[in-house]
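Novice: Got a structure for you, written out below as structure tokens; questions coming shortly.
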Amino acid sequence: MQPAGSFQTYPETAEQIGLGHDGRPRFWVTIDTEEDFDWSAPFARSGYRLDSVPSLAECQGYFERSAVVPIYLVDWPVVQDDRAVEILAPARAAGRCDVGAQLHPWVTPPHEEEVSERNSYTGNLPPSLQRAKMAALRDAIRTRFGAAPQVYRAGRYGLGRDTAEMLAELGFVCDTSVRPGFDYRKGHGPDYRGAPLRPWWVATRHGPVLEVPVTTVFGGLMGPKGEGLYHPIARNGRYAGSVLARLGLVERIALTPEGIPVDRACRAVDIALDQGVPVLNFSFHSPSLRPGNTPYVRTAADLDRFYRWWDAVLDHLARRGVVPTDTAGLLMLATAKRPA
């Protein structure tokens, strides 16, 4: 059996996944499908809302018309909502979307830990409790949506040392929690500053798990080398990184409609393609589909801009020859480098 691996042990470039035989890069739309809650308030097991759930229907309709198969990474409160099941289960069965798992530990049973910022990262919990929460969420998704999830995302990107082993044991084949260019240690989370942008396999005793990182690039006059300047300065305060961007020296650009203007997103696509990234992993939070839930979509006009953002980005991707993919397509792309 293979030795246990970790998502935070990064492979050499030669071991990472490259472009497929057709030479065409792919893009993947991953949606953190979760409850509505106040992001500025302390974490709590109760008091959340699910007002944004009906908006999943408009979102799914938009991506269907765009010939994109998104993956909804659903968490425990969403799995319990009949409206979410009515919207997503038929689309999943018809192959028009995927349904994966996103674990918010503070609202996922069993509820044995103290609710705190440190414990909001699943990887900080005792291994037995981590696994119990993962299993509960997996089983609930299988029961409610008709198939066990293959893809996992840790809420708040909170992977732990043993996560890969647990996921493989529970039947997951893909993780998308690594967020290159981000450092969450200040809040007791992981440090992903050194993570690669290309996917890679992690070997475990229960089989390999494919890591598909969320795409973030560094632009500006310094290009990718600017990351080395960005992190030491960004540690000095919340807005320190934005000063570098205004000076045009270096900017961190995530592939998301949340807080990233469309021109910068298209620039990030070009940067990633220039670096040979084979899979561009876009992400956003489902509460942004209804005005008033997140800082990014406050009004109906903001929601319209959200969808117009996607119009422009999808057009840019098409012009650059980047094609949409789904879980099955990603696994096929990575087959050649899959460990035995």
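All residue names refer to the structure tokens as shown: chains lettered A, B, ... in order, residues numbered from 1 in each chain, ligands numbered from 1 in order.
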I want to know what sits within 6 Å of range 322-330 of chain A, based on only C-alpha atoms, with residues of the same chain fewer than 6 positions away left out; could you give that as a ChimeraX atom specification?
Specialist: /A:25-28,68
Novice: Suppose we keep N, CA and C atoms; can you now write the selection as a compact mmCIF listing (two decimals), in the first residue's frame?
Specialist:
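Output below, filename selection26.txt:
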```txt
# COMPACT_ATOMS: atom_id res chain seq x y z
N PRO A 25 -6.31 23.95 -22.54
CA PRO A 25 -6.56 24.14 -21.11
C PRO A 25 -8.05 24.05 -20.79
N ARG A 26 -8.35 23.74 -19.55
CA ARG A 26 -9.74 23.61 -19.08
C ARG A 26 -10.05 24.66 -18.02
N PHE A 27 -11.36 24.87 -17.80
CA PHE A 27 -11.77 25.63 -16.62
C PHE A 27 -12.89 24.90 -15.92
N TRP A 28 -12.93 25.09 -14.60
CA TRP A 28 -13.86 24.40 -13.71
C TRP A 28 -14.52 25.45 -12.83
N VAL A 68 -21.87 25.01 -19.37
CA VAL A 68 -20.91 24.80 -18.30
C VAL A 68 -21.54 23.89 -17.26
```
Novice: I'd like the neighbourhood of Gly226 in chain A as a PDB file with all heavy atoms, in the first residue's frame, where a residue qualifies if any of its atoms comes within 12 Å (using only C-alpha atoms), though same-chain residues fewer than 4 positions away should be ignored.
Specialist:
```
ATOM      1  N   GLY A 181      -1.080  30.963  -2.789  1.00  0.00           N
ATOM      2  CA  GLY A 181      -0.906  32.399  -2.603  1.00  0.00           C
ATOM      3  C   GLY A 181      -1.568  32.966  -1.364  1.00  0.00           C
ATOM      4  O   GLY A 181      -1.485  34.172  -1.114  1.00  0.00           O
ATOM      5  N   VAL A 217      -3.308  33.972  -9.098  1.00  0.00           N
ATOM      6  CA  VAL A 217      -2.035  34.309  -9.735  1.00  0.00           C
ATOM      7  C   VAL A 217      -1.546  35.654  -9.210  1.00  0.00           C
ATOM      8  O   VAL A 217      -2.290  36.409  -8.573  1.00  0.00           O
ATOM      9  CB  VAL A 217      -2.162  34.367 -11.272  1.00  0.00           C
ATOM     10  CG1 VAL A 217      -2.636  33.032 -11.827  1.00  0.00           C
ATOM     11  CG2 VAL A 217      -3.092  35.489 -11.708  1.00  0.00           C
ATOM     12  N   PHE A 218      -0.294  35.947  -9.501  1.00  0.00           N
ATOM     13  CA  PHE A 218       0.297  37.234  -9.149  1.00  0.00           C
ATOM     14  C   PHE A 218       0.674  37.963 -10.429  1.00  0.00           C
ATOM     15  O   PHE A 218       1.367  37.423 -11.290  1.00  0.00           O
ATOM     16  CB  PHE A 218       1.516  37.045  -8.246  1.00  0.00           C
ATOM     17  CG  PHE A 218       1.149  36.674  -6.839  1.00  0.00           C
ATOM     18  CD1 PHE A 218       0.875  35.353  -6.514  1.00  0.00           C
ATOM     19  CD2 PHE A 218       1.024  37.646  -5.866  1.00  0.00           C
ATOM     20  CE1 PHE A 218       0.505  34.997  -5.227  1.00  0.00           C
ATOM     21  CE2 PHE A 218       0.660  37.305  -4.567  1.00  0.00           C
ATOM     22  CZ  PHE A 218       0.398  35.985  -4.246  1.00  0.00           C
ATOM     23  N   GLY A 219       0.157  39.193 -10.554  1.00  0.00           N
ATOM     24  CA  GLY A 219       0.438  40.022 -11.712  1.00  0.00           C
ATOM     25  C   GLY A 219       1.140  41.302 -11.308  1.00  0.00           C
ATOM     26  O   GLY A 219       1.622  41.449 -10.187  1.00  0.00           O
ATOM     27  N   GLY A 220       1.199  42.251 -12.243  1.00  0.00           N
ATOM     28  CA  GLY A 220       1.908  43.503 -11.992  1.00  0.00           C
ATOM     29  C   GLY A 220       3.265  43.502 -12.663  1.00  0.00           C
ATOM     30  O   GLY A 220       3.656  42.555 -13.354  1.00  0.00           O
ATOM     31  N   LEU A 221       4.018  44.565 -12.448  1.00  0.00           N
ATOM     32  CA  LEU A 221       5.310  44.720 -13.102  1.00  0.00           C
ATOM     33  C   LEU A 221       6.284  43.603 -12.750  1.00  0.00           C
ATOM     34  O   LEU A 221       7.130  43.219 -13.561  1.00  0.00           O
ATOM     35  CB  LEU A 221       5.935  46.076 -12.728  1.00  0.00           C
ATOM     36  CG  LEU A 221       5.210  47.321 -13.258  1.00  0.00           C
ATOM     37  CD1 LEU A 221       5.858  48.579 -12.699  1.00  0.00           C
ATOM     38  CD2 LEU A 221       5.236  47.343 -14.784  1.00  0.00           C
ATOM     39  N   MET A 222       6.154  43.065 -11.545  1.00  0.00           N
ATOM     40  CA  MET A 222       7.085  42.028 -11.103  1.00  0.00           C
ATOM     41  C   MET A 222       6.669  40.626 -11.541  1.00  0.00           C
ATOM     42  O   MET A 222       7.444  39.687 -11.422  1.00  0.00           O
ATOM     43  CB  MET A 222       7.250  42.072  -9.587  1.00  0.00           C
ATOM     44  CG  MET A 222       7.825  43.375  -9.067  1.00  0.00           C
ATOM     45  SD  MET A 222       8.130  43.324  -7.299  1.00  0.00           S
ATOM     46  CE  MET A 222       9.424  42.083  -7.195  1.00  0.00           C
ATOM     47  N   TYR A 230       5.083  40.319  -2.075  1.00  0.00           N
ATOM     48  CA  TYR A 230       3.713  40.528  -1.612  1.00  0.00           C
ATOM     49  C   TYR A 230       3.504  40.040  -0.180  1.00  0.00           C
ATOM     50  O   TYR A 230       2.966  40.763   0.665  1.00  0.00           O
ATOM     51  CB  TYR A 230       2.736  39.813  -2.551  1.00  0.00           C
ATOM     52  CG  TYR A 230       1.292  39.939  -2.136  1.00  0.00           C
ATOM     53  CD1 TYR A 230       0.504  40.992  -2.580  1.00  0.00           C
ATOM     54  CD2 TYR A 230       0.706  39.010  -1.264  1.00  0.00           C
ATOM     55  CE1 TYR A 230      -0.820  41.117  -2.190  1.00  0.00           C
ATOM     56  CE2 TYR A 230      -0.614  39.122  -0.868  1.00  0.00           C
ATOM     57  CZ  TYR A 230      -1.366  40.174  -1.330  1.00  0.00           C
ATOM     58  OH  TYR A 230      -2.674  40.309  -0.937  1.00  0.00           O
ATOM     59  N   HIS A 231       3.916  38.826   0.119  1.00  0.00           N
ATOM     60  CA  HIS A 231       3.576  38.230   1.415  1.00  0.00           C
ATOM     61  C   HIS A 231       4.205  38.956   2.602  1.00  0.00           C
ATOM     62  O   HIS A 231       3.502  39.239   3.587  1.00  0.00           O
ATOM     63  CB  HIS A 231       3.945  36.752   1.419  1.00  0.00           C
ATOM     64  CG  HIS A 231       3.086  35.923   0.518  1.00  0.00           C
ATOM     65  ND1 HIS A 231       1.729  35.793   0.699  1.00  0.00           N
ATOM     66  CD2 HIS A 231       3.391  35.197  -0.581  1.00  0.00           C
ATOM     67  CE1 HIS A 231       1.234  35.015  -0.251  1.00  0.00           C
ATOM     68  NE2 HIS A 231       2.222  34.648  -1.044  1.00  0.00           N
ATOM     69  N   PRO A 232       5.483  39.311   2.571  1.00  0.00           N
ATOM     70  CA  PRO A 232       6.040  40.035   3.724  1.00  0.00           C
ATOM     71  C   PRO A 232       5.359  41.379   3.958  1.00  0.00           C
ATOM     72  O   PRO A 232       5.152  41.785   5.112  1.00  0.00           O
ATOM     73  CB  PRO A 232       7.511  40.229   3.343  1.00  0.00           C
ATOM     74  CG  PRO A 232       7.803  39.160   2.356  1.00  0.00           C
ATOM     75  CD  PRO A 232       6.534  38.986   1.579  1.00  0.00           C
ATOM     76  N   ILE A 233       4.989  42.065   2.872  1.00  0.00           N
ATOM     77  CA  ILE A 233       4.333  43.371   3.029  1.00  0.00           C
ATOM     78  C   ILE A 233       2.880  43.206   3.459  1.00  0.00           C
ATOM     79  O   ILE A 233       2.376  43.954   4.312  1.00  0.00           O
ATOM     80  CB  ILE A 233       4.448  44.174   1.722  1.00  0.00           C
ATOM     81  CG1 ILE A 233       5.911  44.560   1.489  1.00  0.00           C
ATOM     82  CG2 ILE A 233       3.556  45.411   1.748  1.00  0.00           C
ATOM     83  CD1 ILE A 233       6.159  45.337   0.225  1.00  0.00           C
ATOM     84  N   ALA A 234       2.190  42.207   2.897  1.00  0.00           N
ATOM     85  CA  ALA A 234       0.779  42.008   3.239  1.00  0.00           C
ATOM     86  C   ALA A 234       0.598  41.672   4.711  1.00  0.00           C
ATOM     87  O   ALA A 234      -0.462  41.944   5.288  1.00  0.00           O
ATOM     88  CB  ALA A 234       0.194  40.903   2.369  1.00  0.00           C
ATOM     89  N   GLY A 241      -1.368  44.905   0.918  1.00  0.00           N
ATOM     90  CA  GLY A 241      -1.271  44.308  -0.407  1.00  0.00           C
ATOM     91  C   GLY A 241      -1.888  45.179  -1.486  1.00  0.00           C
ATOM     92  O   GLY A 241      -1.395  45.228  -2.623  1.00  0.00           O
ATOM     93  N   LEU A 244       0.513  47.784  -2.964  1.00  0.00           N
ATOM     94  CA  LEU A 244       1.375  47.247  -4.012  1.00  0.00           C
ATOM     95  C   LEU A 244       0.652  47.204  -5.353  1.00  0.00           C
ATOM     96  O   LEU A 244       1.235  47.497  -6.402  1.00  0.00           O
ATOM     97  CB  LEU A 244       1.842  45.843  -3.640  1.00  0.00           C
ATOM     98  CG  LEU A 244       2.824  45.719  -2.474  1.00  0.00           C
ATOM     99  CD1 LEU A 244       3.046  44.245  -2.147  1.00  0.00           C
ATOM    100  CD2 LEU A 244       4.137  46.397  -2.795  1.00  0.00           C
ATOM    101  N   ALA A 245      -0.638  46.837  -5.310  1.00  0.00           N
ATOM    102  CA  ALA A 245      -1.415  46.778  -6.547  1.00  0.00           C
ATOM    103  C   ALA A 245      -1.589  48.163  -7.151  1.00  0.00           C
ATOM    104  O   ALA A 245      -1.467  48.351  -8.368  1.00  0.00           O
ATOM    105  CB  ALA A 245      -2.774  46.125  -6.277  1.00  0.00           C
ATOM    106  N   GLY A 248       1.197  49.276  -9.016  1.00  0.00           N
ATOM    107  CA  GLY A 248       1.441  48.492 -10.212  1.00  0.00           C
ATOM    108  C   GLY A 248       2.570  47.496 -10.099  1.00  0.00           C
ATOM    109  O   GLY A 248       2.982  46.893 -11.093  1.00  0.00           O
ATOM    110  N   LEU A 249       3.087  47.292  -8.873  1.00  0.00           N
ATOM    111  CA  LEU A 249       4.229  46.405  -8.691  1.00  0.00           C
ATOM    112  C   LEU A 249       3.816  44.934  -8.689  1.00  0.00           C
ATOM    113  O   LEU A 249       4.382  44.106  -9.410  1.00  0.00           O
ATOM    114  CB  LEU A 249       4.953  46.751  -7.396  1.00  0.00           C
ATOM    115  CG  LEU A 249       5.620  48.124  -7.343  1.00  0.00           C
ATOM    116  CD1 LEU A 249       6.183  48.382  -5.951  1.00  0.00           C
ATOM    117  CD2 LEU A 249       6.717  48.214  -8.395  1.00  0.00           C
ATOM    118  N   VAL A 250       2.842  44.605  -7.855  1.00  0.00           N
ATOM    119  CA  VAL A 250       2.389  43.220  -7.759  1.00  0.00           C
ATOM    120  C   VAL A 250       0.963  43.215  -7.213  1.00  0.00           C
ATOM    121  O   VAL A 250       0.618  44.024  -6.342  1.00  0.00           O
ATOM    122  CB  VAL A 250       3.320  42.387  -6.843  1.00  0.00           C
ATOM    123  CG1 VAL A 250       3.417  42.970  -5.445  1.00  0.00           C
ATOM    124  CG2 VAL A 250       2.873  40.934  -6.790  1.00  0.00           C
ATOM    125  N   GLU A 251       0.149  42.339  -7.744  1.00  0.00           N
ATOM    126  CA  GLU A 251      -1.208  42.175  -7.225  1.00  0.00           C
ATOM    127  C   GLU A 251      -1.583  40.701  -7.242  1.00  0.00           C
ATOM    128  O   GLU A 251      -1.179  39.952  -8.128  1.00  0.00           O
ATOM    129  CB  GLU A 251      -2.225  42.980  -8.049  1.00  0.00           C
ATOM    130  CG  GLU A 251      -2.288  42.610  -9.515  1.00  0.00           C
ATOM    131  CD  GLU A 251      -3.342  43.401 -10.260  1.00  0.00           C
ATOM    132  OE1 GLU A 251      -4.289  43.890  -9.598  1.00  0.00           O
ATOM    133  OE2 GLU A 251      -3.240  43.522 -11.480  1.00  0.00           O
ATOM    134  N   ARG A 252      -2.302  40.307  -6.211  1.00  0.00           N
ATOM    135  CA  ARG A 252      -2.798  38.934  -6.108  1.00  0.00           C
ATOM    136  C   ARG A 252      -4.208  38.900  -6.684  1.00  0.00           C
ATOM    137  O   ARG A 252      -5.078  39.652  -6.262  1.00  0.00           O
ATOM    138  CB  ARG A 252      -2.801  38.492  -4.643  1.00  0.00           C
ATOM    139  CG  ARG A 252      -3.184  37.050  -4.433  1.00  0.00           C
ATOM    140  CD  ARG A 252      -3.085  36.657  -2.973  1.00  0.00           C
ATOM    141  NE  ARG A 252      -4.020  37.397  -2.136  1.00  0.00           N
ATOM    142  CZ  ARG A 252      -4.096  37.293  -0.809  1.00  0.00           C
ATOM    143  NH1 ARG A 252      -3.262  36.491  -0.163  1.00  0.00           N
ATOM    144  NH2 ARG A 252      -4.962  37.991  -0.116  1.00  0.00           N
TER     145      ARG A 252
END
```
Novice: Leaving out range 188-195 of chain A and any residue of its chain fewer than 3 positions from it, which residues lie within 12 Å of it when counting only C-alpha atoms, given as an MDAnalysis selection string?
Specialist: chainID A and resid 7:13 16 116:125 154:161 177:185 198:200 211:218 227:232 252
Novice: Just checking: using only C-alpha atoms, which residue out of A:Ile271, A:Met332, A:Leu314, A:Ala44 ends up closest to Phe63 in chain A?
Specialist: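 The closest residue to Phe63 in chain A is A:Leu314.
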Novice: Identify all residues of range 68-261 of chain A in alpha helix (DSSP H) (DSSP on the backbone) and supply them as a PyMOL selection string.
Specialist: chain A and resi 76-79+82-93+127-145+163-169+227-234+240-246
Novice: Do a neighbour search on Glu112 in chain A at 12 Å with only C-alpha atoms, toss out local chain neighbours closer than 6 positions, and write the hits as a PyMOL selection string.
Specialist: chain A and resi 45+105-106+119+125-126+128-130+132-133
Novice: Could you jot down the CA of Leu103 in chain A to CA of Glu34 in chain A separation for me, Å, one decimal place?
Specialist: 9.4 Å
Novice: Could you please write out, as a ChimeraX atom specification, every residue of range 98-259 of chain A that DSSP assigns to strand (DSSP E or B)?
Specialist: /A:98-103,151-154,174-175,183,191,200-202,209-211,216-219,251-254
Novice: Mind checking which residues fall within 9 Å of Ser52 in chain A, counting only C-alpha atoms, ignoring those fewer than 5 positions away in the same chain, and posting them as a ChimeraX atom specification?
Specialist: /A:34-36,286-291,293
Novice: Take the residues from that selection and put them in a file with N, CA and C atoms, as a compact mmCIF listing (two decimals), in the first residue's frame.
Specialist:
```txt
# COMPACT_ATOMS: atom_id res chain seq x y z
N GLU A 34 -23.58 27.06 0.51
CA GLU A 34 -23.61 27.09 1.98
C GLU A 34 -24.72 27.98 2.50
N GLU A 35 -24.87 27.97 3.81
CA GLU A 35 -25.87 28.79 4.49
C GLU A 35 -25.50 30.27 4.43
N ASP A 36 -26.49 31.13 4.65
CA ASP A 36 -26.26 32.57 4.74
C ASP A 36 -25.97 32.92 6.20
N SER A 286 -22.27 30.60 -2.73
CA SER A 286 -23.66 30.65 -3.16
C SER A 286 -24.47 31.77 -2.51
N PRO A 287 -24.20 32.22 -1.27
CA PRO A 287 -24.97 33.35 -0.74
C PRO A 287 -24.87 34.62 -1.59
N SER A 288 -23.81 34.73 -2.42
CA SER A 288 -23.70 35.90 -3.31
C SER A 288 -24.76 35.88 -4.40
N LEU A 289 -25.49 34.78 -4.55
CA LEU A 289 -26.54 34.70 -5.57
C LEU A 289 -27.80 35.46 -5.17
N ARG A 290 -27.84 35.94 -3.93
CA ARG A 290 -28.99 36.73 -3.46
C ARG A 290 -28.46 38.00 -2.81
N PRO A 291 -28.93 39.17 -3.23
CA PRO A 291 -28.42 40.42 -2.67
C PRO A 291 -28.57 40.49 -1.15
N ASN A 293 -26.39 39.18 1.20
CA ASN A 293 -25.79 38.12 2.00
C ASN A 293 -24.28 38.22 2.15
```
Novice: Would you kindly return, as a list in words, each protein, DNA or RNA residue with an atom no farther than 10 Å from any atom of Arg267 in chain A, considering only C-alpha atoms and excluding same-chain residues fewer than 3 positions away?
Specialist: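 Counting only the stated atoms, we get Val217, Gly219, Ile253, Leu255, Val262, Asp263, Arg264, Asp270, Ile271, Ala272, Leu273 and His316 of chain A.
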Novice: Can you pull out every residue within 10 Å of Tyr296 in chain A, counting only C-alpha atoms, but drop anything in the same chain fewer than 2 positions away, and send it as an mmCIF file with all heavy atoms, in the first residue's frame?
Specialist:
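The resulting around-v9.cif:
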```
data_model
loop_
_atom_site.group_PDB
_atom_site.id
_atom_site.type_symbol
_atom_site.label_atom_id
_atom_site.label_comp_id
_atom_site.auth_asym_id
_atom_site.auth_seq_id
_atom_site.Cartn_x
_atom_site.Cartn_y
_atom_site.Cartn_z
ATOM 1 N N PRO A 257 -15.697 36.013 -9.116
ATOM 2 C CA PRO A 257 -16.440 37.256 -9.335
ATOM 3 C C PRO A 257 -16.619 38.070 -8.061
ATOM 4 O O PRO A 257 -17.166 39.170 -8.110
ATOM 5 C CB PRO A 257 -17.796 36.757 -9.861
ATOM 6 C CG PRO A 257 -17.953 35.410 -9.245
ATOM 7 C CD PRO A 257 -16.567 34.824 -9.173
ATOM 8 N N GLU A 258 -16.156 37.548 -6.943
ATOM 9 C CA GLU A 258 -16.344 38.209 -5.655
ATOM 10 C C GLU A 258 -15.151 39.114 -5.363
ATOM 11 O O GLU A 258 -14.096 38.661 -4.908
ATOM 12 C CB GLU A 258 -16.534 37.165 -4.550
ATOM 13 C CG GLU A 258 -17.799 36.345 -4.752
ATOM 14 C CD GLU A 258 -17.974 35.235 -3.743
ATOM 15 O OE1 GLU A 258 -16.967 34.609 -3.338
ATOM 16 O OE2 GLU A 258 -19.131 34.970 -3.353
ATOM 17 N N GLY A 259 -15.322 40.396 -5.656
ATOM 18 C CA GLY A 259 -14.296 41.382 -5.337
ATOM 19 C C GLY A 259 -13.214 41.545 -6.379
ATOM 20 O O GLY A 259 -12.307 42.361 -6.197
ATOM 21 N N ILE A 260 -13.270 40.794 -7.472
ATOM 22 C CA ILE A 260 -12.270 40.894 -8.534
ATOM 23 C C ILE A 260 -12.932 41.473 -9.780
ATOM 24 O O ILE A 260 -13.789 40.813 -10.387
ATOM 25 C CB ILE A 260 -11.644 39.523 -8.859
ATOM 26 C CG1 ILE A 260 -10.999 38.916 -7.617
ATOM 27 C CG2 ILE A 260 -10.631 39.649 -9.992
ATOM 28 C CD1 ILE A 260 -9.851 39.722 -7.036
ATOM 29 N N HIS A 285 -19.116 31.948 -3.578
ATOM 30 C CA HIS A 285 -19.999 31.462 -2.519
ATOM 31 C C HIS A 285 -21.457 31.626 -2.938
ATOM 32 O O HIS A 285 -21.860 32.700 -3.416
ATOM 33 C CB HIS A 285 -19.764 32.237 -1.222
ATOM 34 C CG HIS A 285 -18.365 32.139 -0.702
ATOM 35 N ND1 HIS A 285 -17.342 32.934 -1.176
ATOM 36 C CD2 HIS A 285 -17.815 31.331 0.257
ATOM 37 C CE1 HIS A 285 -16.222 32.627 -0.538
ATOM 38 N NE2 HIS A 285 -16.484 31.660 0.326
ATOM 39 N N PRO A 287 -24.200 32.223 -1.268
ATOM 40 C CA PRO A 287 -24.968 33.353 -0.744
ATOM 41 C C PRO A 287 -24.866 34.616 -1.595
ATOM 42 O O PRO A 287 -25.743 35.496 -1.518
ATOM 43 C CB PRO A 287 -24.377 33.558 0.652
ATOM 44 C CG PRO A 287 -23.948 32.188 1.068
ATOM 45 C CD PRO A 287 -23.389 31.582 -0.198
ATOM 46 N N SER A 288 -23.811 34.734 -2.417
ATOM 47 C CA SER A 288 -23.700 35.895 -3.308
ATOM 48 C C SER A 288 -24.757 35.884 -4.403
ATOM 49 O O SER A 288 -24.920 36.885 -5.116
ATOM 50 C CB SER A 288 -22.308 35.946 -3.951
ATOM 51 O OG SER A 288 -21.328 36.328 -3.011
ATOM 52 N N LEU A 289 -25.494 34.778 -4.555
ATOM 53 C CA LEU A 289 -26.537 34.701 -5.573
ATOM 54 C C LEU A 289 -27.801 35.459 -5.167
ATOM 55 O O LEU A 289 -28.711 35.607 -5.981
ATOM 56 C CB LEU A 289 -26.884 33.239 -5.850
ATOM 57 C CG LEU A 289 -25.749 32.387 -6.427
ATOM 58 C CD1 LEU A 289 -26.144 30.918 -6.448
ATOM 59 C CD2 LEU A 289 -25.384 32.867 -7.831
ATOM 60 N N PRO A 291 -28.934 39.168 -3.226
ATOM 61 C CA PRO A 291 -28.417 40.423 -2.671
ATOM 62 C C PRO A 291 -28.573 40.495 -1.152
ATOM 63 O O PRO A 291 -29.573 40.051 -0.586
ATOM 64 C CB PRO A 291 -29.286 41.492 -3.358
ATOM 65 C CG PRO A 291 -29.700 40.867 -4.646
ATOM 66 C CD PRO A 291 -29.908 39.407 -4.326
ATOM 67 N N GLY A 292 -27.517 41.026 -0.516
ATOM 68 C CA GLY A 292 -27.564 41.284 0.913
ATOM 69 C C GLY A 292 -26.877 40.260 1.784
ATOM 70 O O GLY A 292 -26.775 40.460 3.004
ATOM 71 N N ASN A 293 -26.395 39.180 1.199
ATOM 72 C CA ASN A 293 -25.789 38.117 2.003
ATOM 73 C C ASN A 293 -24.279 38.224 2.148
ATOM 74 O O ASN A 293 -23.725 37.743 3.135
ATOM 75 C CB ASN A 293 -26.128 36.747 1.404
ATOM 76 C CG ASN A 293 -27.566 36.354 1.629
ATOM 77 O OD1 ASN A 293 -28.106 36.557 2.702
ATOM 78 N ND2 ASN A 293 -28.196 35.806 0.608
ATOM 79 N N THR A 294 -23.607 38.783 1.143
ATOM 80 C CA THR A 294 -22.149 38.877 1.183
ATOM 81 C C THR A 294 -21.726 40.302 0.851
ATOM 82 O O THR A 294 -22.507 41.078 0.289
ATOM 83 C CB THR A 294 -21.489 37.910 0.169
ATOM 84 O OG1 THR A 294 -21.714 38.393 -1.159
ATOM 85 C CG2 THR A 294 -22.040 36.501 0.309
ATOM 86 N N ARG A 298 -24.587 43.306 -2.806
ATOM 87 C CA ARG A 298 -25.449 43.988 -1.845
ATOM 88 C C ARG A 298 -26.807 44.358 -2.430
ATOM 89 O O ARG A 298 -27.792 44.466 -1.706
ATOM 90 C CB ARG A 298 -24.753 45.261 -1.340
ATOM 91 C CG ARG A 298 -23.547 45.015 -0.447
ATOM 92 C CD ARG A 298 -23.951 44.288 0.810
ATOM 93 N NE ARG A 298 -22.881 44.226 1.799
ATOM 94 C CZ ARG A 298 -22.934 43.494 2.899
ATOM 95 N NH1 ARG A 298 -23.995 42.746 3.148
ATOM 96 N NH2 ARG A 298 -21.922 43.480 3.746
ATOM 97 N N THR A 299 -26.866 44.583 -3.732
ATOM 98 C CA THR A 299 -28.075 45.095 -4.374
ATOM 99 C C THR A 299 -28.406 44.276 -5.615
ATOM 100 O O THR A 299 -27.586 43.463 -6.088
ATOM 101 C CB THR A 299 -27.880 46.557 -4.804
ATOM 102 O OG1 THR A 299 -26.869 46.605 -5.837
ATOM 103 C CG2 THR A 299 -27.434 47.422 -3.619
ATOM 104 N N ASP A 302 -25.869 44.863 -8.172
ATOM 105 C CA ASP A 302 -24.665 44.060 -7.954
ATOM 106 C C ASP A 302 -24.848 42.649 -8.522
ATOM 107 O O ASP A 302 -23.924 42.083 -9.121
ATOM 108 C CB ASP A 302 -24.342 43.950 -6.459
ATOM 109 C CG ASP A 302 -23.837 45.250 -5.860
ATOM 110 O OD1 ASP A 302 -23.380 46.123 -6.619
ATOM 111 O OD2 ASP A 302 -23.909 45.378 -4.620
ATOM 112 N N LEU A 303 -26.040 42.076 -8.326
ATOM 113 C CA LEU A 303 -26.286 40.727 -8.834
ATOM 114 C C LEU A 303 -26.262 40.715 -10.357
ATOM 115 O O LEU A 303 -25.722 39.777 -10.969
ATOM 116 C CB LEU A 303 -27.634 40.215 -8.322
ATOM 117 C CG LEU A 303 -27.999 38.785 -8.736
ATOM 118 C CD1 LEU A 303 -26.955 37.788 -8.217
ATOM 119 C CD2 LEU A 303 -29.390 38.410 -8.211
ATOM 120 N N PHE A 306 -22.771 40.692 -11.314
ATOM 121 C CA PHE A 306 -22.212 39.366 -11.063
ATOM 122 C C PHE A 306 -22.369 38.477 -12.301
ATOM 123 O O PHE A 306 -21.398 37.835 -12.748
ATOM 124 C CB PHE A 306 -22.925 38.751 -9.854
ATOM 125 C CG PHE A 306 -22.556 37.335 -9.531
ATOM 126 C CD1 PHE A 306 -21.573 37.052 -8.603
ATOM 127 C CD2 PHE A 306 -23.220 36.262 -10.134
ATOM 128 C CE1 PHE A 306 -21.231 35.741 -8.286
ATOM 129 C CE2 PHE A 306 -22.888 34.956 -9.826
ATOM 130 C CZ PHE A 306 -21.898 34.695 -8.902
#
```
Novice: For each of A:Phe145, A:Phe37, A:Tyr62, A:Phe284, take the minimum atom-to-atom distance to Asp81 in chain A, counting only C-alpha atoms, then give the residue where this is smallest.
Specialist: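 Between A:Phe145, A:Phe37, A:Tyr62, A:Phe284, the residue approaching Asp81 in chain A most closely is A:Phe145.
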Novice: Would you mind reading off the distance between CA of Ala318 in chain A and CA of Thr335 in chain A, one decimal, in Å?
Specialist: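 CA of Ala318 in chain A sits 25.0 Å away from CA of Thr335 in chain A.
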